[in-house]
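Peer 1: Got a structure for you, questions after.
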Amino acid sequence: MIKVDKVSKTFTKNNELFYALRDINFELNNGEICGLIGLNGAGKTTLLRLMVGVYSCTNGLINYDEQNIKDFNKSHPFQISFLSSDTQVYQRLTIREYLHFFAKIKQIEKHTFEKRLLEYSQKLNLESELDSILEHTSTGTKQKAAFLSAVINQPQYLILDEPFANVDILMVDEMLNIIKDLQYNGSSVIISSHNLYEIESIADSVLLIDSGLIKLRESLTLLKNENQGNTLKSIILELLKES
Amino acid sequence: MMLSTLFAIIKKDLTEILRNKRAIISALFLPALFIPLLVFFQPLFDVSSTAEIHVALYDYTTNDASTNFMKALNADERFIIDKINPLINQADENKHDISILLHSENTEQNQLMIVYNSNSLKSQKAYEYITNILINSEVNTIYTTVTDINDFEKTDTQSNNSNSPFKAYPWVFLLFGFSGAAFIASEIVTGEKERHTLETLFSLQINRPHILIAKYFSILIFSVLSLLFNLLIMGLSIVFFNTMAIGDLLNEIFIVVYALFPALFLLSAILMHISLMAKSIHEARSIESVFFLFFSAIIIGTSFIELNSSIYLRLLPFVNSIIIIKEMHISTLTAIYLLISNFLPMLLLLQYGMIFITKDKVLDIAISPRKGRYKSLLPLILVLINYILFITIIPEWAGNNFIYRTLFTQFAFFLLPAILLLSLNKRTNKWLLFKKTPRFTEILLSSGFTIIIFFAINYYQSYFNSLFTSNIITAEKSLTIQGLWQSLLFMCLVPALSEELFFRAYLAEHWSRLGDRKGIFISAIIFALFHQNNNELFSLFILGIWFAYLAFHYRNIWLAIIAHFTNNLLVVIHSHFNLEFYKSHIVGICSLALLFTAVYLARAKKNI
């Protein structure tokens, strides 16, 4: 379970302090998939960076299973996986080398790695491209490789920032299947995306952030019931228009 | 766990580097092409090996025992032998490179006396050739006396042996090592920031200083490999062109490795640090190219100029390494200097980097347009060419005639390029600095403050120079000043105008797209370097900052020109009338105090 408790984050811009996030509170249960929604500059990326420990919080606490990030990483190494937005992979490695690099850092045993590599590359239709250098592959292939580097060790917590950018609809479906498999194994997932259709098809709950504040935190089924079966898109649009 | 992560990152970086064509070209192919050429052409630059050698021969022999020697001497086409009979003529010091006296005590054995001049490279070479002939031709001599003509005048002449390519071009290794390493440093550190992959590494909760160390080792390994490769190429070309014995060669290679390895440790740390701080690859390369310039100026300067290896110079990183290679001498003391000058700053840099990498702002990126990346290097290349020309060709061509010098440098290097580059520049606000007419108070303020700075700087400079009395002569004094009006024109007006146009109106403005402060800073560094006066670097840097500050603060280049003119005017007046006001402690301390107060007040005002 992830518990985000009164988290704030400030930055200084032109010698002025401003809040990127202010008093963020929410919980994420095990096996839950949460869709993170917000306009550009709302603070989504900052929140995700805070949650994986790339940034440190100005105020507040983030706990994984009642432990702070550092302790959790010590007791459960590499169980938090992160895919940053706009990730450009290591251009001069082949896909196999690229994934092997992460497998090595995440200390996955060799035969497990080979098995998963085969499995995932079949699912994502990457088999023929495994030994081509990433620089010469398409943007979608790079995004798939980056996605695989995050899920290859089947982490307990998966945090994805814009994973579906530049990927075609067929592959998005396969990626969603992989995420669902992980959920079935008990992983919690946070996905930030501008594409509400994907969120709607996979998420159990949504989290809407607007200018650093939580606007909405509700389970998707409840939200739909309240709004008489409207699409997520129209619900969110209405909410944002109100403010 | 830590080691396997380190190795994984290093292995990944090196794989990436080896597939990077541009890195390979700059670090391996260029030296492989350039170094053999250098070794091949080196004898051509070596005056003594091709020119004829004039020998003055005093032959008092009455036997035939020396015939072999004479035959060998005659057979060698390099030697032109003038037989001297002291009763009729004399050896001419200007004409003859070496004198040989053959004398026989009895009919069997000869006595041989050689007089040469250790200050002349040609004479030294002649001496080496003659001793070779002597050994090969089996002359029976009781004893050979060798006398250095300078010994009659002074005692402390240094004997300077063979001029090997290692000694002649020690900078080659550092420069090539640098350019390759700089390229990959910006690629594997800043590139990782720019591509957001550093963020992914951080999210894996690898200890961040470990990432830093892994990156540092990747750069270090690459620079060491490229050094070894360069050495290999030079060794092979020497063997191929057969200019040195294998034993000497190995010995010299060992000394080069001994001197440069610690320098590479520091170099890699500096590169990694710049790349870590930079917000985009473009920025990293810009700053690295400025550093490259500074660095190459130092090491090429050290290579060309004869240095007394004083303790201060020994403590400068890189300079000490070059001195060791030039001396071809290993000692405990030099090892200690190497350790202090290289590893201490390296550790400090790494320490600071480890603190910096744990902060949030390490991930800040600001991707700048890739356009014009190479154009920004143009002024830097100009500076480098100027620097090399200045220490090699110009002094001989212009001699001490300062009008020639001024005209050549000011017009060719500053005024013309400035006008050319400014008119080629496509930025809309490039003439912005020229538009305002300065107000009277501004003129008064800028020239008045320049006077204070002049006295403060020269007070510091006279103290600094007193540390180096023996081996530094200031540039101003070596010029022959020919009357006040000429000085005013050629030392005050022309330099003020053309240098301001180039350094401030073009260069500082050009670099100010990285921010005003960076523009001022970079232009000041280049301004200081341009003057080819290593002991006044700091003073010139301060002046450069002041002029650029004036130009930017008031957005007015004329003020900077006026300030520059004021400063040069003070220099001319002081040297023309032999004044030494700045040496007085009262003037010096007052001006320093005024300077600091003014800076303090300016900062306080800014804060309000």
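So you can find residues: chains in the structure tokens are A, B, ... in the order shown, residues in each start at 1, and ligands are numbered from 1 in order.
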May I have the residues of chain A within 6 Å of chain B, counting only C-alpha atoms, written as a PyMOL selection string?
Peer 2: chain A and resi 52+54-55+87-88+92+105
Peer 1: Which residues are near A:Lys9? Cut-off 8 Å, only C-alpha atoms, ignore same chain within fewer than 2 positions. Put them as a VMD selection string.
Peer 2: chain A and resid 7 11 19 to 22 57 to 59
Peer 1: Leaving out A:Ile133 and any residue of its chain fewer than 4 positions from it, which residues lie within 10 Å of it when counting only C-alpha atoms, given as a PDB file with C-alpha atoms, in the first residue's frame?
Peer 2:
ATOM      1  CA  TYR A  90      20.213   4.760 -24.663  1.00  0.00           C
ATOM      2  CA  GLN A  91      20.442   5.345 -28.379  1.00  0.00           C
ATOM      3  CA  ARG A  92      23.493   3.281 -29.173  1.00  0.00           C
ATOM      4  CA  LEU A  93      22.535   0.014 -27.510  1.00  0.00           C
ATOM      5  CA  THR A  94      20.491  -2.777 -29.029  1.00  0.00           C
ATOM      6  CA  ILE A  95      17.152  -3.556 -27.381  1.00  0.00           C
ATOM      7  CA  ARG A  96      18.602  -6.727 -25.897  1.00  0.00           C
ATOM      8  CA  GLU A  97      21.607  -4.874 -24.451  1.00  0.00           C
ATOM      9  CA  TYR A  98      19.356  -2.121 -23.185  1.00  0.00           C
ATOM     10  CA  GLU A 129      14.129  -6.041 -33.650  1.00  0.00           C
ATOM     11  CA  THR A 137      14.313   1.971 -34.691  1.00  0.00           C
TER      12      THR A 137
ATOM     13  CA  ARG B  19      29.525   2.928 -31.232  1.00  0.00           C
TER      14      ARG B  19
END
Peer 1: So which one's closest to B:Ala185, B:Lys83, B:Lys279, B:Lys215, B:His329? Using only C-alpha atoms, please.
Peer 2: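 Using only C-alpha atoms, the shortest distance to B:Ala185 belongs to B:Lys215.
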Peer 1: Just give me the gap between atom CA of A:Met171 and atom CA of A:Leu124 in Å, one decimal is fine.
Peer 2: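 That distance, rounded to one decimal, is 6.3 Å.
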Peer 1: Give the answer as one residue: which of B:Ala278, B:Ile238, B:Ile330, B:Leu220 has the shortest atom-to-atom distance to B:Ala259, using only C-alpha atoms?
Peer 2: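 Of all the options, B:Ile330 lies closest to B:Ala259.
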Peer 1: Using atom CA of A:Asp168 and atom CA of A:Gly140 as the two end points, give the distance in Å to one decimal.
Peer 2: 7.3 Å
